[in-house]
$ cat data06.pdb   # PDB, C-alpha atoms
ATOM      1  CA  MET A   1      15.074   8.276 -27.441  1.00  0.00           C
ATOM      2  CA  LEU A   2      14.687  11.487 -25.446  1.00  0.00           C
ATOM      3  CA  ASP A   3      15.493  13.536 -28.556  1.00  0.00           C
ATOM      4  CA  GLN A   4      12.733  11.760 -30.473  1.00  0.00           C
ATOM      5  CA  LEU A   5      10.248  12.341 -27.651  1.00  0.00           C
ATOM      6  CA  THR A   6      11.222  16.014 -27.518  1.00  0.00           C
ATOM      7  CA  LEU A   7      10.534  16.331 -31.247  1.00  0.00           C
ATOM      8  CA  LEU A   8       7.109  14.751 -30.800  1.00  0.00           C
ATOM      9  CA  VAL A   9       6.360  17.112 -27.901  1.00  0.00           C
ATOM     10  CA  ASP A  10       7.460  20.069 -30.023  1.00  0.00           C
ATOM     11  CA  LYS A  11       5.066  18.944 -32.768  1.00  0.00           C
ATOM     12  CA  SER A  12       2.237  18.585 -30.223  1.00  0.00           C
ATOM     13  CA  LEU A  13       1.858  14.866 -30.897  1.00  0.00           C
ATOM     14  CA  VAL A  14       2.950  13.862 -27.391  1.00  0.00           C
ATOM     15  CA  VAL A  15       2.279  15.634 -24.103  1.00  0.00           C
ATOM     16  CA  ALA A  16       4.960  15.820 -21.415  1.00  0.00           C
ATOM     17  CA  ASP A  17       3.520  15.716 -17.900  1.00  0.00           C
ATOM     18  CA  ASP A  18       5.897  16.861 -15.148  1.00  0.00           C
ATOM     19  CA  THR A  19       3.667  16.253 -12.133  1.00  0.00           C
ATOM     20  CA  GLY A  20       5.000  14.217  -9.244  1.00  0.00           C
ATOM     21  CA  GLY A  21       8.650  14.981  -9.871  1.00  0.00           C
ATOM     22  CA  ARG A  22       8.870  12.663 -12.883  1.00  0.00           C
ATOM     23  CA  THR A  23       8.251  13.359 -16.518  1.00  0.00           C
ATOM     24  CA  ARG A  24       5.750  11.053 -18.156  1.00  0.00           C
ATOM     25  CA  TYR A  25       4.825  11.180 -21.797  1.00  0.00           C
ATOM     26  CA  ARG A  26       1.407  10.425 -23.165  1.00  0.00           C
ATOM     27  CA  LEU A  27      -0.171  10.491 -26.577  1.00  0.00           C
ATOM     28  CA  LEU A  28      -2.940  12.886 -27.438  1.00  0.00           C
ATOM     29  CA  GLU A  29      -6.226  10.993 -27.737  1.00  0.00           C
ATOM     30  CA  THR A  30      -6.436  11.496 -31.509  1.00  0.00           C
ATOM     31  CA  VAL A  31      -2.871  10.261 -31.948  1.00  0.00           C
ATOM     32  CA  ARG A  32      -3.569   7.279 -29.707  1.00  0.00           C
ATOM     33  CA  GLN A  33      -6.661   6.393 -31.756  1.00  0.00           C
ATOM     34  CA  TYR A  34      -4.648   6.685 -34.977  1.00  0.00           C
ATOM     35  CA  ALA A  35      -1.865   4.497 -33.548  1.00  0.00           C
ATOM     36  CA  LEU A  36      -4.421   1.835 -32.511  1.00  0.00           C
ATOM     37  CA  GLU A  37      -5.887   1.919 -36.014  1.00  0.00           C
ATOM     38  CA  LYS A  38      -2.433   1.459 -37.535  1.00  0.00           C
ATOM     39  CA  LEU A  39      -1.674  -1.349 -35.092  1.00  0.00           C
ATOM     40  CA  GLY A  40      -4.861  -3.082 -36.229  1.00  0.00           C
ATOM     41  CA  GLU A  41      -3.804  -2.721 -39.871  1.00  0.00           C
ATOM     42  CA  SER A  42      -0.362  -4.157 -39.096  1.00  0.00           C
ATOM     43  CA  GLY A  43      -1.758  -7.635 -38.541  1.00  0.00           C
ATOM     44  CA  GLU A  44      -0.079  -7.857 -35.120  1.00  0.00           C
ATOM     45  CA  PRO A  45      -2.518  -6.256 -32.694  1.00  0.00           C
ATOM     46  CA  THR A  46      -3.138  -9.387 -30.635  1.00  0.00           C
ATOM     47  CA  PRO A  47       0.479 -10.101 -29.609  1.00  0.00           C
ATOM     48  CA  VAL A  48       1.211  -6.427 -28.910  1.00  0.00           C
ATOM     49  CA  ARG A  49      -1.938  -5.891 -26.868  1.00  0.00           C
ATOM     50  CA  SER A  50      -1.355  -9.174 -25.020  1.00  0.00           C
ATOM     51  CA  ARG A  51       2.209  -8.166 -24.097  1.00  0.00           C
ATOM     52  CA  HIS A  52       0.882  -4.808 -22.882  1.00  0.00           C
ATOM     53  CA  ARG A  53      -1.789  -6.591 -20.815  1.00  0.00           C
ATOM     54  CA  ASP A  54       0.701  -9.056 -19.373  1.00  0.00           C
ATOM     55  CA  HIS A  55       3.093  -6.277 -18.371  1.00  0.00           C
ATOM     56  CA  PHE A  56       0.445  -4.260 -16.558  1.00  0.00           C
ATOM     57  CA  THR A  57      -1.165  -7.332 -15.014  1.00  0.00           C
ATOM     58  CA  SER A  58       2.214  -8.198 -13.488  1.00  0.00           C
ATOM     59  CA  LEU A  59       2.555  -4.601 -12.266  1.00  0.00           C
ATOM     60  CA  ALA A  60      -0.805  -4.941 -10.498  1.00  0.00           C
ATOM     61  CA  ALA A  61       0.066  -8.375  -9.112  1.00  0.00           C
ATOM     62  CA  VAL A  62       2.734  -6.872  -6.839  1.00  0.00           C
ATOM     63  CA  LEU A  63      -0.080  -5.251  -4.872  1.00  0.00           C
ATOM     64  CA  ASP A  64      -1.025  -8.760  -3.705  1.00  0.00           C
ATOM     65  CA  ALA A  65       2.411  -9.154  -2.101  1.00  0.00           C
ATOM     66  CA  PRO A  66       2.660  -8.476   1.623  1.00  0.00           C
ATOM     67  CA  ALA A  67       2.973  -4.819   2.489  1.00  0.00           C
ATOM     68  CA  GLY A  68       6.566  -3.681   2.701  1.00  0.00           C
ATOM     69  CA  ARG A  69       8.332  -0.361   2.794  1.00  0.00           C
ATOM     70  CA  ASP A  70       7.532   0.323  -0.832  1.00  0.00           C
ATOM     71  CA  TYR A  71       3.871  -0.713  -0.612  1.00  0.00           C
ATOM     72  CA  GLU A  72       2.484   2.815  -0.826  1.00  0.00           C
ATOM     73  CA  GLN A  73       4.762   3.463  -3.810  1.00  0.00           C
ATOM     74  CA  ARG A  74       3.332   0.373  -5.519  1.00  0.00           C
ATOM     75  CA  VAL A  75      -0.213   1.635  -4.956  1.00  0.00           C
ATOM     76  CA  GLU A  76       0.835   5.084  -6.233  1.00  0.00           C
ATOM     77  CA  GLN A  77       2.339   3.464  -9.340  1.00  0.00           C
ATOM     78  CA  ALA A  78      -0.935   1.651  -9.976  1.00  0.00           C
ATOM     79  CA  GLU A  79      -2.781   4.968  -9.616  1.00  0.00           C
ATOM     80  CA  ILE A  80      -0.433   6.586 -12.134  1.00  0.00           C
ATOM     81  CA  GLU A  81      -0.852   3.689 -14.560  1.00  0.00           C
ATOM     82  CA  ILE A  82      -4.635   3.460 -14.251  1.00  0.00           C
ATOM     83  CA  ASP A  83      -5.203   4.201 -17.950  1.00  0.00           C
ATOM     84  CA  ASN A  84      -2.814   1.410 -18.961  1.00  0.00           C
ATOM     85  CA  LEU A  85      -4.410  -0.908 -16.409  1.00  0.00           C
ATOM     86  CA  ARG A  86      -7.837  -0.020 -17.807  1.00  0.00           C
ATOM     87  CA  ALA A  87      -6.588  -0.845 -21.319  1.00  0.00           C
ATOM     88  CA  ALA A  88      -5.186  -4.168 -20.059  1.00  0.00           C
ATOM     89  CA  PHE A  89      -8.523  -4.973 -18.415  1.00  0.00           C
ATOM     90  CA  GLY A  90     -10.407  -4.005 -21.580  1.00  0.00           C
ATOM     91  CA  TRP A  91      -8.183  -6.180 -23.747  1.00  0.00           C
ATOM     92  CA  SER A  92      -8.597  -9.114 -21.356  1.00  0.00           C
ATOM     93  CA  ARG A  93     -12.355  -8.852 -21.759  1.00  0.00           C
ATOM     94  CA  GLU A  94     -12.191  -8.314 -25.518  1.00  0.00           C
ATOM     95  CA  ASP A  95      -9.833 -11.293 -25.869  1.00  0.00           C
ATOM     96  CA  SER A  96     -12.164 -13.453 -23.719  1.00  0.00           C
ATOM     97  CA  ALA A  97      -9.413 -13.791 -21.091  1.00  0.00           C
ATOM     98  CA  ILE A  98     -11.933 -13.403 -18.271  1.00  0.00           C
ATOM     99  CA  GLU A  99      -9.720 -15.114 -15.702  1.00  0.00           C
ATOM    100  CA  LEU A 100      -7.035 -12.474 -16.336  1.00  0.00           C
ATOM    101  CA  ALA A 101      -9.626  -9.692 -16.105  1.00  0.00           C
ATOM    102  CA  LEU A 102     -10.852 -11.001 -12.742  1.00  0.00           C
ATOM    103  CA  THR A 103      -7.294 -11.466 -11.479  1.00  0.00           C
ATOM    104  CA  LEU A 104      -6.423  -7.903 -12.484  1.00  0.00           C
ATOM    105  CA  ALA A 105      -9.524  -6.485 -10.787  1.00  0.00           C
ATOM    106  CA  SER A 106      -8.729  -8.409  -7.590  1.00  0.00           C
ATOM    107  CA  SER A 107      -5.066  -7.391  -7.641  1.00  0.00           C
ATOM    108  CA  LEU A 108      -6.145  -3.754  -7.683  1.00  0.00           C
ATOM    109  CA  GLN A 109      -8.241  -4.098  -4.510  1.00  0.00           C
ATOM    110  CA  PRO A 110      -5.782  -1.867  -2.549  1.00  0.00           C
ATOM    111  CA  LEU A 111      -6.252   0.816  -5.196  1.00  0.00           C
ATOM    112  CA  TRP A 112     -10.034   0.533  -5.125  1.00  0.00           C
ATOM    113  CA  LEU A 113     -10.128   0.739  -1.323  1.00  0.00           C
ATOM    114  CA  GLY A 114      -7.222   3.068  -0.612  1.00  0.00           C
ATOM    115  CA  ARG A 115      -7.669   5.661  -3.304  1.00  0.00           C
ATOM    116  CA  GLY A 116     -11.413   6.228  -3.314  1.00  0.00           C
ATOM    117  CA  ARG A 117     -11.975   4.213  -6.463  1.00  0.00           C
ATOM    118  CA  LEU A 118     -14.802   2.021  -5.160  1.00  0.00           C
ATOM    119  CA  PRO A 119     -17.084   2.753  -8.157  1.00  0.00           C
ATOM    120  CA  ASP A 120     -14.280   1.828 -10.577  1.00  0.00           C
ATOM    121  CA  GLY A 121     -13.597  -1.435  -8.769  1.00  0.00           C
ATOM    122  CA  LEU A 122     -17.272  -2.349  -8.595  1.00  0.00           C
ATOM    123  CA  ALA A 123     -17.667  -1.628 -12.319  1.00  0.00           C
ATOM    124  CA  TRP A 124     -14.624  -3.760 -13.205  1.00  0.00           C
ATOM    125  CA  PHE A 125     -15.884  -6.705 -11.148  1.00  0.00           C
ATOM    126  CA  ASP A 126     -19.425  -6.341 -12.502  1.00  0.00           C
ATOM    127  CA  ASP A 127     -18.197  -6.251 -16.110  1.00  0.00           C
ATOM    128  CA  ALA A 128     -15.867  -9.231 -15.757  1.00  0.00           C
ATOM    129  CA  LEU A 129     -18.391 -11.299 -13.792  1.00  0.00           C
ATOM    130  CA  ALA A 130     -21.081 -10.508 -16.385  1.00  0.00           C
ATOM    131  CA  ASP A 131     -18.667 -11.640 -19.132  1.00  0.00           C
ATOM    132  CA  LEU A 132     -18.013 -14.806 -17.161  1.00  0.00           C
ATOM    133  CA  ASP A 133     -21.722 -15.570 -16.911  1.00  0.00           C
ATOM    134  CA  ALA A 134     -22.470 -14.597 -20.540  1.00  0.00           C
ATOM    135  CA  GLN A 135     -19.622 -16.609 -22.017  1.00  0.00           C
ATOM    136  CA  GLN A 136     -19.933 -19.427 -19.514  1.00  0.00           C
ATOM    137  CA  SER A 137     -16.148 -19.408 -19.359  1.00  0.00           C
ATOM    138  CA  GLU A 138     -14.177 -21.632 -17.057  1.00  0.00           C
ATOM    139  CA  VAL A 139     -11.911 -19.887 -14.578  1.00  0.00           C
ATOM    140  CA  ALA A 140      -9.931 -21.260 -11.685  1.00  0.00           C
ATOM    141  CA  ALA A 141     -12.141 -21.657  -8.639  1.00  0.00           C
ATOM    142  CA  ALA A 142      -9.712 -19.647  -6.498  1.00  0.00           C
ATOM    143  CA  VAL A 143      -9.850 -16.725  -8.958  1.00  0.00           C
ATOM    144  CA  ARG A 144     -13.656 -16.734  -9.013  1.00  0.00           C
ATOM    145  CA  ALA A 145     -13.898 -16.975  -5.219  1.00  0.00           C
ATOM    146  CA  GLN A 146     -11.404 -14.126  -4.757  1.00  0.00           C
ATOM    147  CA  ALA A 147     -13.250 -11.920  -7.247  1.00  0.00           C
ATOM    148  CA  LEU A 148     -16.645 -12.553  -5.649  1.00  0.00           C
ATOM    149  CA  ALA A 149     -15.263 -11.893  -2.168  1.00  0.00           C
ATOM    150  CA  ASP A 150     -13.402  -8.753  -3.275  1.00  0.00           C
ATOM    151  CA  ARG A 151     -16.512  -7.413  -4.958  1.00  0.00           C
ATOM    152  CA  ALA A 152     -18.520  -8.028  -1.784  1.00  0.00           C
ATOM    153  CA  VAL A 153     -15.878  -6.197   0.275  1.00  0.00           C
ATOM    154  CA  LEU A 154     -16.191  -3.194  -2.071  1.00  0.00           C
ATOM    155  CA  ASP A 155     -19.976  -3.286  -1.611  1.00  0.00           C
ATOM    156  CA  THR A 156     -19.490  -3.271   2.143  1.00  0.00           C
ATOM    157  CA  TRP A 157     -17.071  -0.337   2.004  1.00  0.00           C
ATOM    158  CA  ALA A 158     -19.423   1.540  -0.316  1.00  0.00           C
ATOM    159  CA  GLY A 159     -22.187   1.142   2.259  1.00  0.00           C
ATOM    160  CA  ALA A 160     -24.269  -1.097   0.025  1.00  0.00           C
ATOM    161  CA  ALA A 161     -25.555  -4.431   1.115  1.00  0.00           C
ATOM    162  CA  ALA A 162     -23.311  -7.027  -0.443  1.00  0.00           C
ATOM    163  CA  CYS A 163     -25.091  -9.489  -2.643  1.00  0.00           C
ATOM    164  CA  THR A 164     -25.784 -12.408  -0.321  1.00  0.00           C
ATOM    165  CA  ASP A 165     -25.690 -14.899  -3.170  1.00  0.00           C
ATOM    166  CA  GLN A 166     -22.238 -13.754  -4.277  1.00  0.00           C
ATOM    167  CA  VAL A 167     -20.871 -13.851  -0.745  1.00  0.00           C
ATOM    168  CA  GLN A 168     -22.226 -17.337  -0.145  1.00  0.00           C
ATOM    169  CA  GLN A 169     -20.945 -18.477  -3.533  1.00  0.00           C
ATOM    170  CA  ALA A 170     -17.463 -17.074  -2.791  1.00  0.00           C
ATOM    171  CA  LEU A 171     -17.376 -18.819   0.576  1.00  0.00           C
ATOM    172  CA  ALA A 172     -18.560 -22.139  -0.882  1.00  0.00           C
ATOM    173  CA  ILE A 173     -15.955 -21.988  -3.658  1.00  0.00           C
ATOM    174  CA  ALA A 174     -13.228 -21.031  -1.165  1.00  0.00           C
ATOM    175  CA  ARG A 175     -14.120 -23.992   1.049  1.00  0.00           C
ATOM    176  CA  GLY A 176     -14.050 -26.277  -1.979  1.00  0.00           C
ATOM    177  CA  VAL A 177     -10.617 -25.016  -2.987  1.00  0.00           C
ATOM    178  CA  ASP A 178      -9.449 -25.550   0.604  1.00  0.00           C
ATOM    179  CA  ASP A 179      -7.427 -22.325   0.588  1.00  0.00           C
ATOM    180  CA  PRO A 180      -7.691 -20.673   4.028  1.00  0.00           C
ATOM    181  CA  ALA A 181      -6.521 -17.352   2.554  1.00  0.00           C
ATOM    182  CA  LEU A 182      -9.718 -17.241   0.489  1.00  0.00           C
ATOM    183  CA  HIS A 183     -11.966 -17.946   3.473  1.00  0.00           C
ATOM    184  CA  TRP A 184     -11.209 -14.673   5.224  1.00  0.00           C
ATOM    185  CA  PRO A 185     -12.605 -12.093   2.756  1.00  0.00           C
ATOM    186  CA  ALA A 186     -15.787 -14.027   2.130  1.00  0.00           C
ATOM    187  CA  ALA A 187     -16.351 -14.962   5.772  1.00  0.00           C
ATOM    188  CA  ASN A 188     -15.510 -11.438   6.915  1.00  0.00           C
ATOM    189  CA  THR A 189     -17.964  -9.970   4.424  1.00  0.00           C
ATOM    190  CA  THR A 190     -20.612 -12.441   5.549  1.00  0.00           C
ATOM    191  CA  SER A 191     -20.314 -11.356   9.174  1.00  0.00           C
ATOM    192  CA  ALA A 192     -19.819  -7.648   8.355  1.00  0.00           C
ATOM    193  CA  GLY A 193     -22.798  -7.599   6.046  1.00  0.00           C
ATOM    194  CA  GLY A 194     -24.995  -9.402   8.510  1.00  0.00           C
ATOM    195  CA  PHE A 195     -25.350 -12.496   6.347  1.00  0.00           C
ATOM    196  CA  SER A 196     -25.040 -15.990   7.664  1.00  0.00           C
TER
END
$ encode --input "data06.pdb" --output "structure tokens"
Amino acid sequence: MLDQLTLLVDKSLVVADDTGGRTRYRLLETVRQYALEKLGESGEPTPVRSRHRDHFTSLAAVLDAPAGRDYEQRVEQAEIEIDNLRAAFGWSREDSAIELALTLASSLQPLWLGRGRLPDGLAWFDDALADLDAQQSEVAAAVRAQALADRAVLDTWAGAAACTDQVQQALAIARGVDDPALHWPAANTTSAGGFS
């Protein structure tokens, strides 16, 4: 495999990036576009893109686990994989898998908050929530409540007034789900934002 990658690097079709003590390989944008076009012609884009999405959604899900010794490494890995995570999010939206898009955006909350990516997080939540409203999709109440609360937390951290309606909606949904873990972000945002 390494020999094949080396040949592609030598032909300037793949770029080797040695930052961070590890070598990562990435396609040039034109090659990536061509590969996506060929994937579309293959008749199998949906399963391949869904497997990609599922893999990177599970990578992001570990950020929801309690912080351990490797927590910062998990956040760093998410930072490194942001382009793949963005592609997974995009495919979720394109495939009308809005619940997965919202779950992915919420899972990345430590990245949004800890790595100065508040605008990215806000944009992801706004896009997925707009899709949810436009498509009138059904998502699990806990997922919707978490997404609304996480978006409000990002607003608070960004210094913007969180949307009162979204905060109240998140809290009402969380109470209806009867999941105490969901009450905290929404209730905390309500008190931090001065809403009651």
$ residues_around --input "data06.pdb" --residues "Leu100 (chain A)" --least-positions-apart "6" --cutoff "8 Å" --atoms "all atoms listed in the file" --output "PyMOL selection string"
chain A and resi 57+89+92
$ atom_distance --input "data06.pdb" --atom1 "CA of Arg24 (chain A)" --atom2 "CA of Ile80 (chain A)"
9.7 Å
$ atom_distance --input "data06.pdb" --atom1 "CA of Ala141 (chain A)" --atom2 "CA of Ala174 (chain A)"
7.6 Å
$ atom_distance --input "data06.pdb" --atom1 "CA of Asp17 (chain A)" --atom2 "CA of Arg74 (chain A)"
19.7 Å
$ residues_around --input "data06.pdb" --residues "Ser137 (chain A)" --least-positions-apart "4" --cutoff "8 Å" --atoms "only C-alpha atoms" --output "PyMOL selection string"
chain A and resi 98+132-133
$ write_last_selection --input "data06.pdb" --atoms "C-alpha atoms" --output "PDB file, keeping the file's coordinate frame"
ATOM      1  CA  ILE A  98     -11.933 -13.403 -18.271  1.00  0.00           C
ATOM      2  CA  LEU A 132     -18.013 -14.806 -17.161  1.00  0.00           C
ATOM      3  CA  ASP A 133     -21.722 -15.570 -16.911  1.00  0.00           C
TER       4      ASP A 133
END
$ closest_residue --input "data06.pdb" --among "A:Ala170, A:Val31, A:Leu36, A:Ala16" --to "Asp150 (chain A)" --atoms "all atoms listed in the file"
A:Ala170
$ closest_residue --input "data06.pdb" --among "A:Ala87, A:Leu63, A:Leu102, A:Leu7" --to "Ser50 (chain A)" --atoms "all atoms listed in the file"
A:Ala87
$ resolve_selection --input "data06.pdb" --expression "the PyMOL selection byres ((chain A and resi 59-61) around 9)" --output "ChimeraX atom specification"
/A:54-58,62-65,74-75,77-78,85,103-108
$ axis_aligned_box --input "data06.pdb" --around "region 9-22 of chain A" --padding-each-side "5 Å" --output "lines of an AutoDock Vina configuration file"
center_x = 5.4
center_y = 16.4
center_z = -21.0
size_x = 17.0
size_y = 17.4
size_z = 33.5
$ closest_residue --input "data06.pdb" --among "A:Trp157, A:Ala140, A:Arg151, A:Asp95" --to "Gly116 (chain A)" --atoms "all atoms listed in the file"
A:Trp157
$ closest_residue --input "data06.pdb" --among "A:Val15, A:Val9, A:Glu94, A:Glu81" --to "Arg49 (chain A)" --atoms "all atoms listed in the file"
A:Glu94
$ residues_around --input "data06.pdb" --residues "region 121-125 of chain A" --least-positions-apart "2" --cutoff "8 Å" --atoms "all atoms listed in the file" --output "PyMOL selection string"
chain A and resi 102+105+108-109+112+117-119+127-129+147+151+154-155
$ closest_residue --input "data06.pdb" --among "A:Gln73, A:Asp83, A:Val153, A:Ala172" --to "Glu29 (chain A)" --atoms "all atoms listed in the file"
A:Asp83
$ closest_residue --input "data06.pdb" --among "A:Ala88, A:Arg93, A:Pro110, A:Ala152" --to "Ala134 (chain A)" --atoms "only C-alpha atoms"
A:Arg93
